[in-house]
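Please read the structure below before turning to the comments.
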Amino acid sequence: TKITDNVTFNVGSLGVALSLEGNETITGMAGKTITVNYNTSSLSDTGIGIYYKGDSTAAEELINKSDLKIGFEPFPALDKKVVGIYALGKSSTQKAKVINEGIITTGKNDTAIYGKDADIQNKTAMTIEEGSTGIAVFSGTAIQNDGTASDQKLTIKKNATGIYAEKSNVYVNESMDITGESGVGIYVSDSTSANSIHNNSVITLSDSTSTNDSRIGIYLTNSLGEAKNTGTIKTGENNIGVYSKNSVFKNDSTGKIEVLDTSASAENIGIYAI
């Protein structure tokens, strides 16, 4: 599938702009963007930019090389908006595989890439606006960067999440900047002992004005799969580097969690475990 010019899709509730299956590559011309807008005032459901169904065991994969801009107009204040790429595997053992090489910019309360029974690899920069999620994966794997390129940073705004993973693996090799209040870099829920969570990046948390809007680098809840940090987490003021609830976390010998008090009133926490 080749995109030769700027194209805009206006999708309604559960509407899909592009539906693909099997082996697919979406190529885009330089400077050209696919824009997907949620074109209804209904709050009941979400619109989808690219819907993909595949089976990696049959050597099927989706490669997206086109830039995506999702969910900005004409209803920018809705709670449910647009999913840029929605990937669905055939089963928990026949997962969809998606490699994203296009720059994705979300609007408010959107999800850039969503995967169920899917393995997702994002190899580009991503700006995640207020209330949005960069990658959300359920029973699969989320990989941010393959470790070979630069400038693939995730920028995470207010109440946004870089990667959300449930019963899944997470590997992060490129930096995250959490610039917005109450933003979270990596959120892991209900992982099993078979799952692996590994941060090998620099996660930088901008200063928070108070602990009421703390930014969190890694958030773990009911996560039995070992979460390992070999990267660097820079907490900033009134923030939490790692929040761990009923979970397993290991700060490796090469991992660093920087907790620097830059003011007398700052409350900075490296690891908060309950």
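Within each chain, counting starts at residue 1; across the structure tokens, chains are named A, B, ... in the order shown, with ligands numbered 1 upward in that order.
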Which residues are close to Asp117 of chain A, i.e. within 9 Å by only C-alpha atoms, leaving aside same-chain residues fewer than 5 positions away? Reply as number ranges by chain.
A: 87-96, 137-141
If you keep C-alpha atoms, can you produce a file of those selected residues as a compact mmCIF listing (two decimals), in the first residue's frame?
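Saved to again_13.txt:
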# COMPACT_ATOMS: atom_id res chain seq x y z
CA ALA A 87 -3.22 -4.95 15.59
CA LEU A 88 -5.02 -8.22 16.31
CA GLY A 89 -3.43 -11.67 16.33
CA LYS A 90 -5.31 -14.85 15.52
CA SER A 91 -4.61 -16.29 18.99
CA SER A 92 -2.20 -16.04 21.91
CA THR A 93 0.21 -18.30 20.01
CA GLN A 94 -0.45 -16.81 16.57
CA LYS A 95 0.37 -13.20 17.25
CA ALA A 96 0.19 -10.28 14.87
CA VAL A 137 -0.30 -4.13 24.33
CA PHE A 138 -2.32 -7.02 25.78
CA SER A 139 -0.82 -10.53 25.70
CA GLY A 140 2.10 -9.66 23.49
CA THR A 141 5.34 -7.68 23.34
Selection: 12 Å around Ile269 of chain A, only C-alpha atoms, excl. self and same-chain fewer than 3 positions, as a compact mmCIF listing (two decimals) with all heavy atoms, in the first residue's frame:
# COMPACT_ATOMS: atom_id res chain seq x y z
N LEU A 205 12.29 12.62 33.98
CA LEU A 205 11.04 13.15 34.51
C LEU A 205 11.22 14.64 34.82
O LEU A 205 12.06 15.01 35.64
CB LEU A 205 10.63 12.41 35.80
CG LEU A 205 10.10 10.98 35.68
CD1 LEU A 205 11.15 10.03 35.13
CD2 LEU A 205 9.61 10.47 37.03
N THR A 211 3.58 16.72 44.89
CA THR A 211 3.41 15.26 44.78
C THR A 211 2.02 14.89 44.27
O THR A 211 1.77 13.71 43.95
CB THR A 211 3.65 14.59 46.14
OG1 THR A 211 2.79 15.17 47.13
CG2 THR A 211 5.10 14.78 46.57
N SER A 214 2.71 14.02 40.52
CA SER A 214 4.00 13.37 40.29
C SER A 214 4.06 12.63 38.96
O SER A 214 3.10 11.96 38.55
CB SER A 214 4.28 12.36 41.41
OG SER A 214 4.50 13.00 42.64
N ARG A 215 5.19 12.73 38.30
CA ARG A 215 5.49 11.91 37.15
C ARG A 215 6.13 10.62 37.66
O ARG A 215 6.82 10.62 38.68
CB ARG A 215 6.44 12.65 36.22
CG ARG A 215 5.83 13.91 35.58
CD ARG A 215 6.87 15.00 35.46
NE ARG A 215 6.40 16.14 34.68
CZ ARG A 215 5.71 17.17 35.17
NH1 ARG A 215 5.38 17.20 36.47
NH2 ARG A 215 5.35 18.16 34.41
N ILE A 216 5.93 9.51 36.95
CA ILE A 216 6.47 8.21 37.35
C ILE A 216 7.19 7.58 36.17
O ILE A 216 6.64 7.49 35.07
CB ILE A 216 5.35 7.27 37.85
CG1 ILE A 216 4.64 7.89 39.07
CG2 ILE A 216 5.92 5.89 38.21
CD1 ILE A 216 3.45 7.08 39.56
N GLY A 217 8.42 7.13 36.40
CA GLY A 217 9.18 6.52 35.32
C GLY A 217 8.64 5.15 34.94
O GLY A 217 8.29 4.90 33.79
N ILE A 233 17.14 6.37 35.23
CA ILE A 233 15.90 7.07 35.50
C ILE A 233 16.24 8.34 36.29
O ILE A 233 16.81 8.25 37.38
CB ILE A 233 14.91 6.20 36.29
CG1 ILE A 233 14.61 4.91 35.53
CG2 ILE A 233 13.61 6.96 36.56
CD1 ILE A 233 13.77 3.90 36.30
N LYS A 234 15.93 9.49 35.73
CA LYS A 234 16.21 10.78 36.37
C LYS A 234 14.90 11.32 36.93
O LYS A 234 14.03 11.73 36.17
CB LYS A 234 16.82 11.75 35.37
CG LYS A 234 18.12 11.25 34.74
CD LYS A 234 18.68 12.24 33.75
CE LYS A 234 19.98 11.74 33.13
NZ LYS A 234 20.55 12.71 32.16
N THR A 235 14.77 11.31 38.26
CA THR A 235 13.45 11.54 38.84
C THR A 235 12.97 12.99 38.77
O THR A 235 11.78 13.23 38.56
CB THR A 235 13.42 11.10 40.31
OG1 THR A 235 14.34 11.89 41.06
CG2 THR A 235 13.77 9.64 40.44
N GLY A 236 13.81 13.99 38.97
CA GLY A 236 13.31 15.35 39.06
C GLY A 236 12.56 15.57 40.36
O GLY A 236 12.42 14.67 41.19
N GLU A 237 12.07 16.78 40.56
CA GLU A 237 11.41 17.14 41.81
C GLU A 237 10.01 16.55 41.93
O GLU A 237 9.23 16.54 40.98
CB GLU A 237 11.31 18.67 41.95
CG GLU A 237 12.65 19.35 42.17
CD GLU A 237 12.49 20.81 42.50
OE1 GLU A 237 11.34 21.29 42.65
OE2 GLU A 237 13.52 21.50 42.62
N ASN A 238 9.71 16.05 43.15
CA ASN A 238 8.37 15.57 43.51
C ASN A 238 7.88 14.43 42.62
O ASN A 238 6.67 14.30 42.38
CB ASN A 238 7.36 16.73 43.48
CG ASN A 238 7.69 17.81 44.49
OD1 ASN A 238 7.92 17.54 45.67
ND2 ASN A 238 7.75 19.06 44.03
N ASN A 239 8.81 13.61 42.18
CA ASN A 239 8.46 12.50 41.29
C ASN A 239 8.89 11.16 41.88
O ASN A 239 9.59 11.11 42.90
CB ASN A 239 9.14 12.69 39.92
CG ASN A 239 8.62 13.89 39.18
OD1 ASN A 239 7.43 14.20 39.25
ND2 ASN A 239 9.50 14.58 38.47
N ILE A 240 8.49 10.08 41.20
CA ILE A 240 8.83 8.72 41.63
C ILE A 240 9.51 8.01 40.46
O ILE A 240 8.95 7.93 39.36
CB ILE A 240 7.58 7.94 42.06
CG1 ILE A 240 6.89 8.65 43.24
CG2 ILE A 240 7.94 6.50 42.43
CD1 ILE A 240 5.56 8.04 43.62
N GLY A 241 10.70 7.50 40.70
CA GLY A 241 11.39 6.77 39.64
C GLY A 241 10.69 5.48 39.29
O GLY A 241 10.34 5.23 38.13
N VAL A 242 10.46 4.62 40.30
CA VAL A 242 9.77 3.33 40.10
C VAL A 242 8.73 3.17 41.19
O VAL A 242 9.04 3.28 42.39
CB VAL A 242 10.76 2.15 40.16
CG1 VAL A 242 10.01 0.83 39.99
CG2 VAL A 242 11.84 2.30 39.10
N TYR A 243 7.49 2.90 40.79
CA TYR A 243 6.40 2.58 41.72
C TYR A 243 6.10 1.10 41.55
O TYR A 243 5.77 0.65 40.44
CB TYR A 243 5.17 3.42 41.42
CG TYR A 243 3.98 3.13 42.32
CD1 TYR A 243 3.72 3.90 43.44
CD2 TYR A 243 3.10 2.08 42.03
CE1 TYR A 243 2.63 3.64 44.25
CE2 TYR A 243 2.02 1.80 42.84
CZ TYR A 243 1.78 2.59 43.95
OH TYR A 243 0.70 2.31 44.76
N SER A 244 6.21 0.33 42.64
CA SER A 244 6.04 -1.12 42.55
C SER A 244 5.03 -1.59 43.58
O SER A 244 5.26 -1.48 44.79
CB SER A 244 7.39 -1.82 42.76
OG SER A 244 7.25 -3.22 42.72
N ILE A 257 19.26 5.06 39.21
CA ILE A 257 18.08 5.86 39.52
C ILE A 257 18.57 7.11 40.25
O ILE A 257 19.05 7.02 41.39
CB ILE A 257 17.08 5.07 40.39
CG1 ILE A 257 16.63 3.81 39.66
CG2 ILE A 257 15.86 5.94 40.71
CD1 ILE A 257 15.70 2.93 40.47
N GLU A 258 18.50 8.24 39.58
CA GLU A 258 19.04 9.48 40.13
C GLU A 258 17.96 10.21 40.93
O GLU A 258 16.91 10.55 40.39
CB GLU A 258 19.57 10.36 39.02
CG GLU A 258 20.73 9.73 38.25
CD GLU A 258 21.27 10.62 37.15
OE1 GLU A 258 20.72 11.74 36.96
OE2 GLU A 258 22.23 10.21 36.48
N VAL A 259 18.25 10.41 42.21
CA VAL A 259 17.31 11.10 43.09
C VAL A 259 18.05 12.30 43.67
O VAL A 259 18.76 12.19 44.66
CB VAL A 259 16.82 10.18 44.22
CG1 VAL A 259 15.74 10.86 45.04
CG2 VAL A 259 16.28 8.88 43.65
N LEU A 260 17.91 13.42 43.02
CA LEU A 260 18.65 14.61 43.40
C LEU A 260 17.70 15.66 43.96
O LEU A 260 16.75 16.09 43.28
CB LEU A 260 19.40 15.18 42.20
CG LEU A 260 20.37 14.22 41.49
CD1 LEU A 260 20.99 14.90 40.27
CD2 LEU A 260 21.46 13.75 42.44
N ASP A 261 17.93 16.08 45.21
CA ASP A 261 17.11 17.14 45.82
C ASP A 261 17.59 18.48 45.30
O ASP A 261 18.68 18.94 45.63
CB ASP A 261 17.22 17.10 47.35
CG ASP A 261 16.50 15.89 47.94
OD1 ASP A 261 15.50 15.49 47.35
OD2 ASP A 261 16.96 15.38 48.96
N ALA A 266 11.46 19.72 48.03
CA ALA A 266 11.19 18.67 47.04
C ALA A 266 11.09 17.31 47.71
O ALA A 266 11.80 17.01 48.67
CB ALA A 266 12.29 18.65 45.99
N TYR A 272 9.44 3.32 45.11
CA TYR A 272 8.35 3.28 46.09
C TYR A 272 7.70 1.90 45.96
O TYR A 272 7.09 1.59 44.94
CB TYR A 272 7.32 4.38 45.83
CG TYR A 272 6.24 4.49 46.86
CD1 TYR A 272 6.32 5.45 47.88
CD2 TYR A 272 5.11 3.68 46.81
CE1 TYR A 272 5.31 5.57 48.82
CE2 TYR A 272 4.10 3.78 47.76
CZ TYR A 272 4.21 4.73 48.76
OH TYR A 272 3.20 4.84 49.70
N ALA A 273 7.86 1.07 46.99
CA ALA A 273 7.35 -0.31 46.93
C ALA A 273 6.32 -0.56 48.03
O ALA A 273 6.57 -0.22 49.18
CB ALA A 273 8.49 -1.30 47.06
Counting only C-alpha atoms, the residue of A:Met126, A:Met176, A:Val11, A:Ala142 that sits nearest Asn195 of chain A:
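With only C-alpha atoms as the atom set, the closest residue is A:Ala142.
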As a PyMOL selection string, please: every residue in segment 77-176 of chain A that a backbone DSSP assignment puts in strand (DSSP E or B).
chain A and resi 82-89+96-100+104-106+111-116+118-122+126-128+133-138+141-144+154-156+161-166+169-172+176
Nearest residue to Ala125 of chain A from the set A:Ala160, A:Ala165, A:Leu68, A:Ala227 (distances using only C-alpha atoms):
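Residue with the minimum atom-to-atom distance to Ala125 of chain A: A:Leu68.
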So, counting only C-alpha atoms, which residue among A:Ala264, A:Ile271, A:Val184, A:Ala59 is closest to Gly131 of chain A?
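Among the listed residues, the smallest separation from Gly131 of chain A belongs to A:Val184.
Non-sequential neighbours of Val248 of chain A (distance at most 10 Å, separation of 6 or more positions within a chain, only C-alpha atoms) are Ser191, Ser193, Ile197, Leu220, Thr221, Asn222, Ser223, Leu224, Gly225, Glu226, Ala227, Lys228 and Ala273 of chain A.
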Env of Gly231 of chain A: 9 Å cut, atoms = only C-alpha atoms, seq-sep filter 4 positions within chain, self excluded. Answer as a PDB file with all heavy atoms, in the first residue's frame.
ATOM      1  N   ASN A 173      14.643   0.604  24.587  1.00  0.00           N
ATOM      2  CA  ASN A 173      16.040   0.887  24.299  1.00  0.00           C
ATOM      3  C   ASN A 173      16.289   2.338  23.912  1.00  0.00           C
ATOM      4  O   ASN A 173      17.435   2.696  23.622  1.00  0.00           O
ATOM      5  CB  ASN A 173      16.530  -0.013  23.158  1.00  0.00           C
ATOM      6  CG  ASN A 173      16.474  -1.481  23.516  1.00  0.00           C
ATOM      7  OD1 ASN A 173      17.113  -1.921  24.465  1.00  0.00           O
ATOM      8  ND2 ASN A 173      15.695  -2.246  22.762  1.00  0.00           N
ATOM      9  N   HIS A 198      12.107  -4.875  30.564  1.00  0.00           N
ATOM     10  CA  HIS A 198      13.500  -4.442  30.595  1.00  0.00           C
ATOM     11  C   HIS A 198      13.604  -3.006  30.081  1.00  0.00           C
ATOM     12  O   HIS A 198      13.283  -2.728  28.924  1.00  0.00           O
ATOM     13  CB  HIS A 198      14.360  -5.366  29.741  1.00  0.00           C
ATOM     14  CG  HIS A 198      15.829  -5.053  29.802  1.00  0.00           C
ATOM     15  ND1 HIS A 198      16.737  -5.629  28.950  1.00  0.00           N
ATOM     16  CD2 HIS A 198      16.540  -4.217  30.612  1.00  0.00           C
ATOM     17  CE1 HIS A 198      17.940  -5.175  29.231  1.00  0.00           C
ATOM     18  NE2 HIS A 198      17.845  -4.305  30.227  1.00  0.00           N
ATOM     19  N   ASN A 199      14.048  -2.105  30.952  1.00  0.00           N
ATOM     20  CA  ASN A 199      14.341  -0.733  30.533  1.00  0.00           C
ATOM     21  C   ASN A 199      15.850  -0.568  30.389  1.00  0.00           C
ATOM     22  O   ASN A 199      16.605  -0.740  31.334  1.00  0.00           O
ATOM     23  CB  ASN A 199      13.821   0.279  31.543  1.00  0.00           C
ATOM     24  CG  ASN A 199      14.267   1.691  31.167  1.00  0.00           C
ATOM     25  OD1 ASN A 199      13.980   2.162  30.071  1.00  0.00           O
ATOM     26  ND2 ASN A 199      15.006   2.351  32.053  1.00  0.00           N
ATOM     27  N   ASN A 200      16.274  -0.212  29.188  1.00  0.00           N
ATOM     28  CA  ASN A 200      17.681   0.055  28.920  1.00  0.00           C
ATOM     29  C   ASN A 200      17.863   1.464  28.372  1.00  0.00           C
ATOM     30  O   ASN A 200      18.802   1.735  27.628  1.00  0.00           O
ATOM     31  CB  ASN A 200      18.234  -0.984  27.935  1.00  0.00           C
ATOM     32  CG  ASN A 200      19.736  -0.933  27.818  1.00  0.00           C
ATOM     33  OD1 ASN A 200      20.449  -0.778  28.804  1.00  0.00           O
ATOM     34  ND2 ASN A 200      20.244  -1.044  26.591  1.00  0.00           N
ATOM     35  N   SER A 201      16.936   2.349  28.721  1.00  0.00           N
ATOM     36  CA  SER A 201      16.930   3.699  28.178  1.00  0.00           C
ATOM     37  C   SER A 201      17.147   4.722  29.286  1.00  0.00           C
ATOM     38  O   SER A 201      17.245   4.387  30.468  1.00  0.00           O
ATOM     39  CB  SER A 201      15.592   3.978  27.493  1.00  0.00           C
ATOM     40  OG  SER A 201      14.567   4.122  28.475  1.00  0.00           O
ATOM     41  N   VAL A 202      17.196   5.982  28.889  1.00  0.00           N
ATOM     42  CA  VAL A 202      17.197   7.094  29.838  1.00  0.00           C
ATOM     43  C   VAL A 202      15.775   7.644  29.916  1.00  0.00           C
ATOM     44  O   VAL A 202      15.223   8.104  28.913  1.00  0.00           O
ATOM     45  CB  VAL A 202      18.176   8.203  29.409  1.00  0.00           C
ATOM     46  CG1 VAL A 202      18.099   9.384  30.382  1.00  0.00           C
ATOM     47  CG2 VAL A 202      19.597   7.668  29.342  1.00  0.00           C
ATOM     48  N   ILE A 203      15.184   7.565  31.098  1.00  0.00           N
ATOM     49  CA  ILE A 203      13.844   8.123  31.326  1.00  0.00           C
ATOM     50  C   ILE A 203      14.018   9.377  32.167  1.00  0.00           C
ATOM     51  O   ILE A 203      14.507   9.323  33.305  1.00  0.00           O
ATOM     52  CB  ILE A 203      12.933   7.119  32.044  1.00  0.00           C
ATOM     53  CG1 ILE A 203      12.809   5.814  31.243  1.00  0.00           C
ATOM     54  CG2 ILE A 203      11.547   7.721  32.269  1.00  0.00           C
ATOM     55  CD1 ILE A 203      11.985   4.734  31.922  1.00  0.00           C
ATOM     56  N   ASN A 251      16.937  -3.428  40.094  1.00  0.00           N
ATOM     57  CA  ASN A 251      17.806  -2.414  39.520  1.00  0.00           C
ATOM     58  C   ASN A 251      19.173  -3.057  39.310  1.00  0.00           C
ATOM     59  O   ASN A 251      19.910  -3.319  40.259  1.00  0.00           O
ATOM     60  CB  ASN A 251      17.912  -1.194  40.430  1.00  0.00           C
ATOM     61  CG  ASN A 251      18.505  -0.012  39.700  1.00  0.00           C
ATOM     62  OD1 ASN A 251      18.009   0.388  38.654  1.00  0.00           O
ATOM     63  ND2 ASN A 251      19.581   0.555  40.236  1.00  0.00           N
ATOM     64  N   ASP A 252      19.507  -3.331  38.052  1.00  0.00           N
ATOM     65  CA  ASP A 252      20.720  -4.054  37.730  1.00  0.00           C
ATOM     66  C   ASP A 252      21.960  -3.243  38.102  1.00  0.00           C
ATOM     67  O   ASP A 252      21.883  -2.038  38.360  1.00  0.00           O
ATOM     68  CB  ASP A 252      20.725  -4.367  36.236  1.00  0.00           C
ATOM     69  CG  ASP A 252      21.714  -5.427  35.850  1.00  0.00           C
ATOM     70  OD1 ASP A 252      21.413  -6.612  36.069  1.00  0.00           O
ATOM     71  OD2 ASP A 252      22.795  -5.067  35.331  1.00  0.00           O
ATOM     72  N   THR A 254      24.212  -2.119  36.364  1.00  0.00           N
ATOM     73  CA  THR A 254      24.465  -1.013  35.436  1.00  0.00           C
ATOM     74  C   THR A 254      23.344   0.021  35.447  1.00  0.00           C
ATOM     75  O   THR A 254      23.453   1.057  34.800  1.00  0.00           O
ATOM     76  CB  THR A 254      24.641  -1.535  34.003  1.00  0.00           C
ATOM     77  OG1 THR A 254      23.460  -2.239  33.616  1.00  0.00           O
ATOM     78  CG2 THR A 254      25.845  -2.456  33.913  1.00  0.00           C
ATOM     79  N   GLY A 255      22.264  -0.265  36.158  1.00  0.00           N
ATOM     80  CA  GLY A 255      21.126   0.651  36.204  1.00  0.00           C
ATOM     81  C   GLY A 255      21.343   1.772  37.206  1.00  0.00           C
ATOM     82  O   GLY A 255      21.952   1.587  38.257  1.00  0.00           O
ATOM     83  N   LYS A 256      20.827   2.946  36.878  1.00  0.00           N
ATOM     84  CA  LYS A 256      20.939   4.102  37.759  1.00  0.00           C
ATOM     85  C   LYS A 256      19.567   4.734  37.973  1.00  0.00           C
ATOM     86  O   LYS A 256      18.802   4.906  37.014  1.00  0.00           O
ATOM     87  CB  LYS A 256      21.882   5.151  37.169  1.00  0.00           C
ATOM     88  CG  LYS A 256      23.321   4.706  37.008  1.00  0.00           C
ATOM     89  CD  LYS A 256      24.160   5.833  36.414  1.00  0.00           C
ATOM     90  CE  LYS A 256      25.605   5.390  36.210  1.00  0.00           C
ATOM     91  NZ  LYS A 256      26.402   6.481  35.595  1.00  0.00           N
ATOM     92  N   ILE A 257      19.265   5.065  39.211  1.00  0.00           N
ATOM     93  CA  ILE A 257      18.079   5.860  39.524  1.00  0.00           C
ATOM     94  C   ILE A 257      18.572   7.105  40.254  1.00  0.00           C
ATOM     95  O   ILE A 257      19.053   7.023  41.390  1.00  0.00           O
ATOM     96  CB  ILE A 257      17.080   5.074  40.387  1.00  0.00           C
ATOM     97  CG1 ILE A 257      16.628   3.811  39.658  1.00  0.00           C
ATOM     98  CG2 ILE A 257      15.862   5.945  40.712  1.00  0.00           C
ATOM     99  CD1 ILE A 257      15.698   2.925  40.467  1.00  0.00           C
TER     100      ILE A 257
END
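Atom pair atom CA of Asn122 of chain A / atom CA of Ser208 of chain A has a distance of 28.0 Å (rounded to one decimal).
In this model, the gap between atom CA of Ile26 of chain A and atom CA of Tyr187 of chain A comes to 29.0 Å.
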